[in-house]
$ cat start_9.cif   # mmCIF, C-alpha atoms
data_work
#
loop_
_atom_site.label_atom_id
_atom_site.label_comp_id
_atom_site.auth_asym_id
_atom_site.auth_seq_id
_atom_site.Cartn_x
_atom_site.Cartn_y
_atom_site.Cartn_z
CA MET A 9 36.91 -9.31 37.05
CA ALA A 10 38.92 -7.16 34.64
CA PHE A 11 40.61 -10.12 32.95
CA ARG A 12 37.19 -11.67 32.20
CA GLN A 13 35.84 -8.57 30.51
CA ALA A 14 38.78 -8.10 28.17
CA PRO A 15 37.83 -10.91 25.72
CA LEU A 16 34.34 -9.41 25.43
CA CYS A 17 35.78 -6.07 24.39
CA GLY A 18 37.92 -7.83 21.84
CA LEU A 19 34.86 -9.57 20.40
CA ALA A 20 32.84 -6.37 20.00
CA PRO A 21 34.22 -5.42 16.54
CA HIS A 22 33.60 -8.96 15.32
CA CYS A 23 30.01 -8.86 16.60
CA LEU A 24 29.39 -5.57 14.87
CA TRP A 25 30.89 -6.94 11.65
CA LEU A 26 28.65 -10.03 11.85
CA LEU A 27 25.59 -7.87 12.49
CA GLY A 28 26.42 -5.82 9.40
CA VAL A 29 26.67 -8.96 7.27
CA ILE A 30 23.29 -10.19 8.52
CA LEU A 31 21.66 -6.84 7.76
CA LEU A 32 23.12 -6.81 4.26
CA MET A 33 21.86 -10.35 3.67
CA ASP A 34 18.38 -9.30 4.73
CA VAL A 35 18.39 -6.34 2.35
CA SER A 36 19.62 -8.39 -0.59
CA ALA A 37 16.98 -11.02 0.13
CA ARG A 38 14.11 -8.58 -0.41
CA PRO A 39 13.17 -8.15 -4.06
CA ALA A 40 12.23 -4.77 -5.46
CA ASN A 41 9.02 -3.20 -4.15
CA HIS A 42 8.50 -5.69 -1.35
CA SER A 43 8.51 -3.06 1.40
CA SER A 44 5.99 -3.47 4.19
CA ALA A 45 3.70 -0.84 5.68
CA ARG A 46 5.95 -0.53 8.73
CA GLU A 47 9.00 0.10 6.52
CA ARG A 48 7.11 2.69 4.50
CA ALA A 49 5.99 4.39 7.71
CA GLY A 50 9.59 5.40 8.33
CA THR A 51 9.41 7.92 5.49
CA LYS A 52 5.85 9.08 6.03
CA ASP A 53 6.74 12.33 7.77
CA GLU A 54 9.18 13.51 5.09
CA PRO A 55 8.12 16.72 3.27
CA GLU A 56 7.22 14.79 0.11
CA ILE A 57 4.75 16.25 -2.38
CA LEU A 58 4.98 13.44 -4.90
CA PRO A 59 1.96 11.18 -5.33
CA PRO A 60 2.54 8.20 -3.02
CA ASP A 61 3.64 4.87 -4.47
CA HIS A 62 1.46 3.10 -1.92
CA LEU A 63 -2.28 3.66 -1.52
CA ASN A 64 -3.89 2.24 1.63
CA GLY A 65 -6.84 -0.05 0.89
CA VAL A 66 -5.97 -0.46 -2.82
CA LYS A 67 -5.03 -3.92 -4.09
CA LEU A 68 -2.10 -2.86 -6.31
CA GLU A 69 0.76 -0.46 -5.77
CA MET A 70 1.26 2.37 -8.26
CA ASP A 71 3.96 0.27 -9.98
CA GLY A 72 1.66 -2.74 -10.42
CA HIS A 73 2.96 -4.84 -7.53
CA LEU A 74 0.53 -6.49 -5.14
CA ASN A 75 -0.14 -4.57 -1.94
CA LYS A 76 0.96 -7.25 0.51
CA ASP A 77 -0.48 -5.31 3.47
CA PHE A 78 -3.93 -5.00 1.92
CA HIS A 79 -5.72 -7.42 4.22
CA GLN A 80 -4.29 -5.75 7.30
CA GLU A 81 -5.25 -2.32 5.97
CA VAL A 82 -8.89 -3.22 5.36
CA PHE A 83 -9.18 -5.12 8.64
CA LEU A 84 -7.46 -2.60 10.92
CA GLY A 85 -8.18 0.71 9.20
CA LYS A 86 -6.68 3.57 11.20
CA ASP A 87 -5.42 1.08 13.82
CA MET A 88 -2.63 -0.13 11.50
CA ASP A 89 0.03 1.15 13.90
CA GLY A 90 -1.62 -0.42 16.93
CA PHE A 91 -0.05 -3.84 16.45
CA GLU A 92 3.68 -3.20 16.44
CA GLU A 93 5.90 -6.26 16.71
CA ASP A 94 7.25 -5.14 20.08
CA ALA A 95 3.81 -4.39 21.54
CA GLU A 96 2.77 -6.19 24.72
CA PRO A 97 1.07 -9.44 23.54
CA ARG A 98 -1.73 -9.41 26.09
CA ARG A 99 -2.74 -5.88 25.13
CA SER A 100 -2.58 -6.73 21.41
CA ARG A 101 -4.76 -9.82 21.91
CA ARG A 102 -7.31 -7.79 23.79
CA LYS A 103 -7.29 -5.13 21.09
CA LEU A 104 -7.81 -7.75 18.41
CA MET A 105 -10.79 -9.17 20.28
CA VAL A 106 -12.27 -5.67 20.58
CA ILE A 107 -12.08 -5.42 16.78
CA PHE A 108 -13.66 -8.88 16.50
CA SER A 109 -16.58 -7.71 18.65
CA LYS A 110 -17.10 -4.66 16.43
CA VAL A 111 -17.14 -6.75 13.25
CA ASP A 112 -19.50 -9.27 14.86
CA VAL A 113 -22.55 -7.02 14.61
CA ASN A 114 -25.12 -9.65 15.65
CA THR A 115 -22.95 -10.72 18.63
CA ASP A 116 -23.11 -14.45 17.86
CA ARG A 117 -19.32 -14.75 18.35
CA LYS A 118 -18.89 -15.50 14.65
CA ILE A 119 -17.99 -13.22 11.75
CA SER A 120 -19.94 -13.84 8.55
CA ALA A 121 -18.89 -12.80 5.04
CA LYS A 122 -21.53 -10.05 5.05
CA GLU A 123 -20.28 -8.68 8.38
CA MET A 124 -16.70 -8.73 7.10
CA GLN A 125 -17.77 -7.04 3.86
CA HIS A 126 -19.41 -4.15 5.74
CA TRP A 127 -16.33 -3.85 7.96
CA ILE A 128 -13.99 -3.73 4.96
CA MET A 129 -16.04 -0.94 3.40
CA GLU A 130 -15.98 0.98 6.69
CA LYS A 131 -12.20 0.65 7.08
CA THR A 132 -11.64 1.61 3.44
CA ALA A 133 -13.68 4.75 4.06
CA GLU A 134 -11.32 5.54 6.96
CA HIS A 135 -8.32 5.36 4.62
CA PHE A 136 -10.17 7.60 2.17
CA GLN A 137 -10.70 10.21 4.87
CA GLU A 138 -7.03 10.04 5.88
CA ALA A 139 -6.03 10.64 2.26
CA ILE A 140 -8.34 13.68 2.07
CA GLU A 141 -6.81 15.19 5.21
CA GLU A 142 -3.24 14.60 4.02
CA SER A 143 -4.05 16.02 0.59
CA LYS A 144 -5.36 19.24 2.17
CA VAL A 145 -2.05 19.73 3.96
CA HIS A 146 -0.08 19.18 0.76
CA PHE A 147 -2.44 21.42 -1.23
CA HIS A 148 -1.90 24.37 1.10
CA ALA A 149 1.85 23.75 0.97
CA VAL A 150 1.91 24.16 -2.83
CA ASP A 151 -0.68 26.95 -2.98
CA PRO A 152 1.41 29.87 -1.68
CA ASP A 153 -1.03 32.61 -2.70
CA GLY A 154 -3.99 30.78 -1.17
CA ASP A 155 -6.30 31.37 -4.15
CA GLY A 156 -7.72 27.85 -4.01
CA HIS A 157 -6.02 26.78 -7.23
CA VAL A 158 -2.58 25.34 -7.87
CA SER A 159 -0.92 25.88 -11.22
CA TRP A 160 1.46 23.37 -12.76
CA ASP A 161 4.28 25.90 -12.41
CA GLU A 162 3.57 26.39 -8.69
CA TYR A 163 3.68 22.65 -8.13
CA LYS A 164 6.82 22.25 -10.25
CA VAL A 165 8.64 24.84 -8.14
CA LYS A 166 7.75 23.06 -4.89
CA PHE A 167 8.70 19.70 -6.36
CA LEU A 168 12.14 20.92 -7.46
CA VAL A 169 12.69 22.60 -4.09
CA SER A 170 12.02 19.22 -2.46
CA LYS A 171 14.85 17.91 -4.67
CA GLY A 172 17.31 20.47 -3.33
CA HIS A 173 16.92 23.33 -5.79
CA ASN A 174 16.73 26.98 -4.73
CA GLU A 175 13.10 28.13 -4.72
CA ARG A 176 13.76 31.74 -5.76
CA GLU A 177 16.05 30.73 -8.63
CA ILE A 178 13.68 28.07 -9.95
CA ALA A 179 10.64 30.37 -9.72
CA GLU A 180 12.50 33.13 -11.57
CA LYS A 181 13.63 30.80 -14.37
CA ILE A 182 10.13 29.38 -14.83
CA LYS A 183 8.66 32.90 -14.88
CA ASN A 184 11.14 34.00 -17.55
CA GLY A 185 10.76 30.80 -19.59
CA GLU A 186 14.40 29.87 -19.08
CA GLU A 187 15.65 26.30 -19.39
CA LEU A 188 15.82 24.38 -16.11
CA LYS A 189 19.01 22.45 -15.52
CA VAL A 190 17.87 19.17 -13.96
CA ASP A 191 19.21 15.65 -14.27
CA GLU A 192 17.68 13.14 -16.65
CA GLU A 193 15.88 11.20 -13.92
CA THR A 194 14.25 14.32 -12.48
CA GLN A 195 13.20 15.43 -15.96
CA GLU A 196 11.54 12.06 -16.57
CA VAL A 197 9.67 12.31 -13.27
CA LEU A 198 8.50 15.82 -14.17
CA GLU A 199 7.16 14.64 -17.52
CA ASN A 200 5.24 11.78 -15.88
CA LEU A 201 3.86 14.14 -13.25
CA LYS A 202 2.71 16.59 -15.90
CA ASP A 203 0.83 13.81 -17.72
CA ARG A 204 -0.84 12.94 -14.44
CA TRP A 205 -1.57 16.62 -13.78
CA TYR A 206 -3.38 16.87 -17.14
CA GLN A 207 -5.47 13.81 -16.29
CA ALA A 208 -6.51 15.21 -12.91
CA ASP A 209 -7.48 18.56 -14.47
CA ASN A 210 -11.20 18.25 -15.18
CA PRO A 211 -12.50 19.84 -18.40
CA PRO A 212 -12.22 22.56 -19.46
CA SER A 213 -8.51 22.05 -18.97
CA ASP A 214 -6.63 25.06 -17.61
CA LEU A 215 -3.71 23.34 -15.81
CA LEU A 216 -5.07 24.75 -12.55
CA LEU A 217 -6.08 22.14 -9.97
CA THR A 218 -8.70 22.74 -7.33
CA GLU A 219 -8.39 21.05 -3.95
CA ASP A 220 -10.57 18.15 -5.15
CA GLU A 221 -8.59 17.77 -8.37
CA PHE A 222 -5.34 17.86 -6.43
CA LEU A 223 -6.69 15.03 -4.25
CA SER A 224 -7.24 12.98 -7.42
CA PHE A 225 -3.73 13.86 -8.59
CA LEU A 226 -2.21 12.46 -5.37
CA HIS A 227 -4.77 9.68 -4.80
CA PRO A 228 -6.23 8.32 -8.06
CA GLU A 229 -8.49 5.95 -6.11
CA HIS A 230 -10.69 8.98 -5.32
CA SER A 231 -11.60 9.59 -8.96
CA ARG A 232 -12.95 7.19 -11.56
CA GLY A 233 -11.11 9.02 -14.29
CA MET A 234 -7.79 8.93 -12.42
CA LEU A 235 -8.32 5.28 -11.51
CA LYS A 236 -8.63 4.58 -15.24
CA PHE A 237 -5.39 6.48 -15.79
CA MET A 238 -3.63 4.48 -13.08
CA VAL A 239 -4.84 1.20 -14.63
CA LYS A 240 -3.66 2.36 -18.05
CA GLU A 241 -0.20 3.12 -16.63
CA ILE A 242 0.04 -0.29 -14.92
CA VAL A 243 -1.03 -2.15 -18.07
CA ARG A 244 1.47 -0.13 -20.13
CA ASP A 245 4.30 -1.15 -17.78
CA LEU A 246 3.37 -4.86 -17.66
CA ASP A 247 2.07 -5.39 -21.20
CA GLN A 248 4.83 -7.04 -23.22
CA ASP A 249 3.09 -7.63 -26.57
CA GLY A 250 1.34 -4.26 -26.87
CA ASP A 251 -2.26 -5.55 -26.97
CA LYS A 252 -3.28 -3.30 -24.03
CA GLN A 253 -4.36 -6.22 -21.88
CA LEU A 254 -2.55 -8.65 -19.61
CA SER A 255 -1.95 -12.36 -19.94
CA LEU A 256 -0.98 -14.47 -16.93
CA PRO A 257 2.73 -14.66 -17.96
CA GLU A 258 2.82 -10.87 -18.27
CA PHE A 259 1.20 -10.34 -14.89
CA ILE A 260 3.45 -12.74 -13.01
CA SER A 261 6.74 -11.58 -14.55
CA LEU A 262 9.35 -11.09 -11.84
CA PRO A 263 10.06 -7.53 -10.70
CA VAL A 264 13.02 -5.65 -12.08
CA GLY A 265 16.21 -6.50 -10.17
CA THR A 266 18.28 -9.56 -9.43
CA VAL A 267 18.06 -11.93 -6.50
CA GLU A 268 21.38 -12.60 -4.87
CA ASN A 269 20.70 -15.55 -2.58
CA GLN A 270 18.37 -18.49 -2.02
CA GLN A 271 16.28 -16.66 0.56
CA GLY A 272 15.60 -13.93 -1.98
CA GLN A 273 14.72 -16.54 -4.62
CA ASP A 274 12.24 -18.16 -2.22
CA ILE A 275 10.59 -14.77 -1.69
CA ASP A 276 10.35 -14.25 -5.45
CA ASP A 277 8.82 -17.72 -5.91
CA SER A 278 6.22 -16.84 -3.32
CA TRP A 279 5.61 -13.52 -5.06
CA VAL A 280 4.87 -15.32 -8.35
CA ARG A 281 2.48 -17.76 -6.65
CA ASP A 282 0.59 -14.90 -5.00
CA ARG A 283 0.20 -13.03 -8.30
CA LYS A 284 -0.94 -16.17 -10.13
CA LYS A 285 -3.61 -16.80 -7.50
CA GLU A 286 -4.75 -13.17 -7.57
CA PHE A 287 -4.91 -13.16 -11.37
CA GLU A 288 -6.88 -16.40 -11.67
CA GLU A 289 -9.23 -16.06 -8.68
CA LEU A 290 -9.95 -12.33 -8.42
CA ILE A 291 -8.81 -10.18 -11.34
CA ASP A 292 -9.76 -12.29 -14.38
CA ALA A 293 -13.50 -12.02 -13.77
CA ASN A 294 -14.63 -14.11 -16.77
CA HIS A 295 -11.75 -16.61 -16.40
CA ASP A 296 -10.68 -16.38 -20.05
CA GLY A 297 -6.98 -16.10 -19.19
CA ILE A 298 -6.83 -12.41 -20.16
CA VAL A 299 -7.24 -9.35 -17.93
CA THR A 300 -8.70 -6.32 -19.68
CA MET A 301 -8.39 -2.75 -18.45
CA ALA A 302 -12.04 -2.85 -17.38
CA GLU A 303 -11.44 -5.97 -15.27
CA LEU A 304 -8.36 -4.47 -13.68
CA GLU A 305 -10.22 -1.23 -12.97
CA ASP A 306 -13.07 -3.09 -11.23
CA TYR A 307 -10.54 -5.10 -9.23
CA MET A 308 -8.67 -1.99 -8.08
CA ASP A 309 -11.73 0.09 -7.18
CA PRO A 310 -11.55 0.18 -3.35
CA MET A 311 -15.25 1.11 -3.03
CA ASN A 312 -16.49 -1.80 -5.14
CA GLU A 313 -18.90 -3.68 -2.83
CA TYR A 314 -18.72 -6.88 -4.89
CA ASN A 315 -14.93 -6.91 -4.53
CA ALA A 316 -15.29 -6.27 -0.80
CA LEU A 317 -17.51 -9.34 -0.49
CA ASN A 318 -14.98 -11.46 -2.41
CA GLU A 319 -12.21 -10.20 -0.16
CA ALA A 320 -14.31 -10.96 2.91
CA LYS A 321 -14.82 -14.55 1.76
CA GLN A 322 -11.13 -14.92 0.97
CA MET A 323 -10.08 -13.56 4.37
CA ILE A 324 -12.48 -15.92 6.15
CA ALA A 325 -11.27 -18.90 4.10
CA ILE A 326 -7.66 -18.27 5.16
CA ALA A 327 -8.44 -18.81 8.86
CA ASP A 328 -11.63 -20.92 8.74
CA GLU A 329 -10.20 -24.13 10.20
CA ASN A 330 -13.56 -25.70 11.11
CA GLN A 331 -14.92 -24.91 7.61
CA ASN A 332 -18.16 -23.29 8.83
CA HIS A 333 -17.68 -20.24 6.56
CA HIS A 334 -17.38 -17.95 9.57
CA LEU A 335 -14.52 -16.62 11.67
CA GLU A 336 -14.44 -17.42 15.36
CA PRO A 337 -12.29 -15.80 18.07
CA GLU A 338 -9.85 -18.71 18.26
CA GLU A 339 -9.30 -18.61 14.51
CA VAL A 340 -8.69 -14.85 14.39
CA LEU A 341 -6.15 -15.09 17.20
CA LYS A 342 -4.42 -18.10 15.66
CA TYR A 343 -4.10 -16.29 12.32
CA SER A 344 -3.33 -12.92 13.90
CA GLU A 345 -0.28 -12.45 11.68
CA PHE A 346 -2.53 -12.45 8.60
CA PHE A 347 -4.95 -9.92 10.09
CA THR A 348 -2.55 -7.66 11.98
CA GLY A 349 0.99 -8.37 10.80
CA SER A 350 1.96 -9.53 14.30
CA LYS A 351 1.89 -13.08 15.60
CA LEU A 352 0.14 -13.27 18.97
CA MET A 353 1.12 -16.48 20.76
CA ASP A 354 -0.92 -18.69 23.13
CA TYR A 355 -4.14 -17.90 21.27
CA ALA A 356 -6.15 -20.90 22.52
CA ARG A 357 -5.19 -20.48 26.15
CA ASN A 358 -6.03 -16.79 26.17
CA VAL A 359 -9.09 -16.50 23.93
CA HIS A 360 -11.73 -16.73 26.66
CA GLU A 361 -9.80 -14.46 28.96
CA GLU A 362 -9.39 -11.78 26.29
CA PHE A 363 -12.93 -11.94 24.90
#

$ encode --input "start_9.cif" --output "structure tokens"
Amino acid sequence: MAFRQAPLCGLAPHCLWLLGVILLMDVSARPANHSSARERAGTKDEPEILPPDHLNGVKLEMDGHLNKDFHQEVFLGKDMDGFEEDAEPRRSRRKLMVIFSKVDVNTDRKISAKEMQHWIMEKTAEHFQEAIEESKVHFHAVDPDGDGHVSWDEYKVKFLVSKGHNEREIAEKIKNGEELKVDEETQEVLENLKDRWYQADNPPSDLLLTEDEFLSFLHPEHSRGMLKFMVKEIVRDLDQDGDKQLSLPEFISLPVGTVENQQGQDIDDSWVRDRKKEFEELIDANHDGIVTMAELEDYMDPMNEYNALNEAKQMIAIADENQNHHLEPEEVLKYSEFFTGSKLMDYARNVHEEF
């Protein structure tokens, strides 16, 4: 037996080398800002006090990219982690059918656009509550004296500590008005954060944020004023001619970064198609080929009931194979990847058993 195992040992380094190449190809194939919810979850528990780049239940990321997990977020709510790719398929199918039954309020085994709209609003409210709870934890972390207010200087100290600086030294320098020695990138982030801090500070401005204001600082979707600020920032980053509105070519411009192989180019082509469809069908409300800040703000408002109804109709249309404008159990299971991020096989054979 020993002489048969030897070649396998000799192949091990080659296998590891090949695996490394495949992993590198996969990384290079993903354009900038195309991370999924499951990839982002890997960094969720880090002691990060920066406003998140990703906001659950909001159509655009903070950098203006489409939230590709949006439909799963508003369909699953807090159950986002319940459909992992390695989960047992039978259990996942059953769980999906339980969700179907909850959405199907009138129990006719069909989901209407109105039922889906109400469900989307309910799941969005769940994400809102999660954001409130997380913000409370972060607020107490940056409010060392517990006075219910956080000053810009208190936040700046905690931010720089999270970047590896010594808390006592930084606090002393800020107290004495001494110059802080930070790299150019960190300084730029600080300046952007301070602008955002000013926006979250309700009049009269005192640079002290209450717990509610701090929530708006971290999660602009919780405040109309901060949502306007977020829209302004996105338009500023995408607007190429300086007219403070977005044309279709501006909105579908490829993300910063190069694509190194054909697989990556295919992903980028898909990314452009998705943005074109979103621009023309959902964001440009009056279909004049231009998206104003007001249109973008309405589109991004997660508690906009009209948008929720449009999303409900769009989600139904994706899986509505019999064209009856409703979702049926077989259709939800067949298009499970769209609704849950996981493909559940043998949908037709198992639908009656799972229901």

$ closest_residue --input "start_9.cif" --among "A:Val299, A:Gln331, A:Phe225, A:Gly85" --to "A:Lys252" --atoms "all atoms listed in the file"
A:Val299

$ residues_around --input "start_9.cif" --residues "A:Glu289" --least-positions-apart "5" --cutoff "10 Å" --atoms "only C-alpha atoms" --output "short mmCIF file (atom, residue, chain, number, x, y, z; two decimals) with C-alpha atoms, in the frame of the given file"
data_model
loop_
_atom_site.label_atom_id
_atom_site.label_comp_id
_atom_site.auth_asym_id
_atom_site.auth_seq_id
_atom_site.Cartn_x
_atom_site.Cartn_y
_atom_site.Cartn_z
CA ARG A 283 0.20 -13.03 -8.30
CA LYS A 284 -0.94 -16.17 -10.13
CA ASN A 294 -14.63 -14.11 -16.77
CA HIS A 295 -11.75 -16.61 -16.40
CA ASN A 318 -14.98 -11.46 -2.41
CA GLN A 322 -11.13 -14.92 0.97
#

$ resolve_selection --input "start_9.cif" --expression "the PyMOL selection byres ((chain A and resi 190) around 12)" --output "PyMOL selection string"
chain A and resi 167-169+171-173+178+187-189+191-198

$ write_last_selection --input "start_9.cif" --atoms "C-alpha atoms" --output "PDB file, in the frame of the given file"
ATOM      1  CA  PHE A 167       8.700  19.700  -6.360  1.00  0.00           C
ATOM      2  CA  LEU A 168      12.140  20.920  -7.460  1.00  0.00           C
ATOM      3  CA  VAL A 169      12.690  22.600  -4.090  1.00  0.00           C
ATOM      4  CA  LYS A 171      14.850  17.910  -4.670  1.00  0.00           C
ATOM      5  CA  GLY A 172      17.310  20.470  -3.330  1.00  0.00           C
ATOM      6  CA  HIS A 173      16.920  23.330  -5.790  1.00  0.00           C
ATOM      7  CA  ILE A 178      13.680  28.070  -9.950  1.00  0.00           C
ATOM      8  CA  GLU A 187      15.650  26.300 -19.390  1.00  0.00           C
ATOM      9  CA  LEU A 188      15.820  24.380 -16.110  1.00  0.00           C
ATOM     10  CA  LYS A 189      19.010  22.450 -15.520  1.00  0.00           C
ATOM     11  CA  ASP A 191      19.210  15.650 -14.270  1.00  0.00           C
ATOM     12  CA  GLU A 192      17.680  13.140 -16.650  1.00  0.00           C
ATOM     13  CA  GLU A 193      15.880  11.200 -13.920  1.00  0.00           C
ATOM     14  CA  THR A 194      14.250  14.320 -12.480  1.00  0.00           C
ATOM     15  CA  GLN A 195      13.200  15.430 -15.960  1.00  0.00           C
ATOM     16  CA  GLU A 196      11.540  12.060 -16.570  1.00  0.00           C
ATOM     17  CA  VAL A 197       9.670  12.310 -13.270  1.00  0.00           C
ATOM     18  CA  LEU A 198       8.500  15.820 -14.170  1.00  0.00           C
TER      19      LEU A 198
END

$ resolve_selection --input "start_9.cif" --expression "the PyMOL selection byres ((chain A and resi 110) around 12)" --output "list of chain:residue names"
A:Phe83, A:Leu84, A:Lys103, A:Leu104, A:Met105, A:Val106, A:Ile107, A:Phe108, A:Ser109, A:Val111, A:Asp112, A:Val113, A:Asn114, A:Thr115, A:Asp116, A:Arg117, A:Lys118, A:Ile119, A:Glu123, A:Met124, A:His126, A:Trp127, A:Ile128, A:Glu130, A:Lys131, A:Phe363

$ atom_distance --input "start_9.cif" --atom1 "atom CA of A:Ser143" --atom2 "atom CA of A:His79"
23.8 Å

$ residues_around --input "start_9.cif" --residues "A:Val158" --least-positions-apart "2" --cutoff "6 Å" --atoms "only C-alpha atoms" --output "ChimeraX atom specification"
/A:151,216-217

$ closest_residue --input "start_9.cif" --among "A:Lys144, A:His333, A:Lys202, A:Arg232" --to "A:Ser159" --atoms "all atoms listed in the file"
A:Lys202

$ resolve_selection --input "start_9.cif" --expression "the PyMOL selection byres ((chain A and resi 309) around 10)" --output "VMD selection string"
chain A and resid 65 to 67 228 to 232 235 to 236 304 to 308 310 to 313 315 to 316

$ residues_near_point --input "start_9.cif" --point "(-9.4, -18.2, 9.2)" --cutoff "12 Å" --atoms "only C-alpha atoms" --output "ChimeraX atom specification"
/A:118-121,320-347

$ atom_distance --input "start_9.cif" --atom1 "atom CA of A:Glu221" --atom2 "atom CA of A:Ile242"
21.1 Å

$ closest_residue --input "start_9.cif" --among "A:Asp209, A:Glu303, A:Glu286, A:Glu219" --to "A:Asp155" --atoms "all atoms listed in the file"
A:Glu219

$ atom_distance --input "start_9.cif" --atom1 "atom CA of A:Gly72" --atom2 "atom CA of A:Ile57"
20.9 Å

$ closest_residue --input "start_9.cif" --among "A:Ala208, A:Met88, A:Leu58, A:Val82" --to "A:Met238" --atoms "all atoms listed in the file"
A:Ala208

$ closest_residue --input "start_9.cif" --among "A:Arg102, A:His73, A:Pro257, A:Ala293" --to "A:Tyr314" --atoms "only C-alpha atoms"
A:Ala293

$ residues_near_point --input "start_9.cif" --point "(5.6, -16.3, -14.3)" --cutoff "12 Å" --atoms "only C-alpha atoms" --output "PyMOL selection string"
chain A and resi 255-263+276-285+287

$ closest_residue --input "start_9.cif" --among "A:Phe78, A:Ile182, A:Glu92, A:Leu63" --to "A:Ser350" --atoms "all atoms listed in the file"
A:Glu92
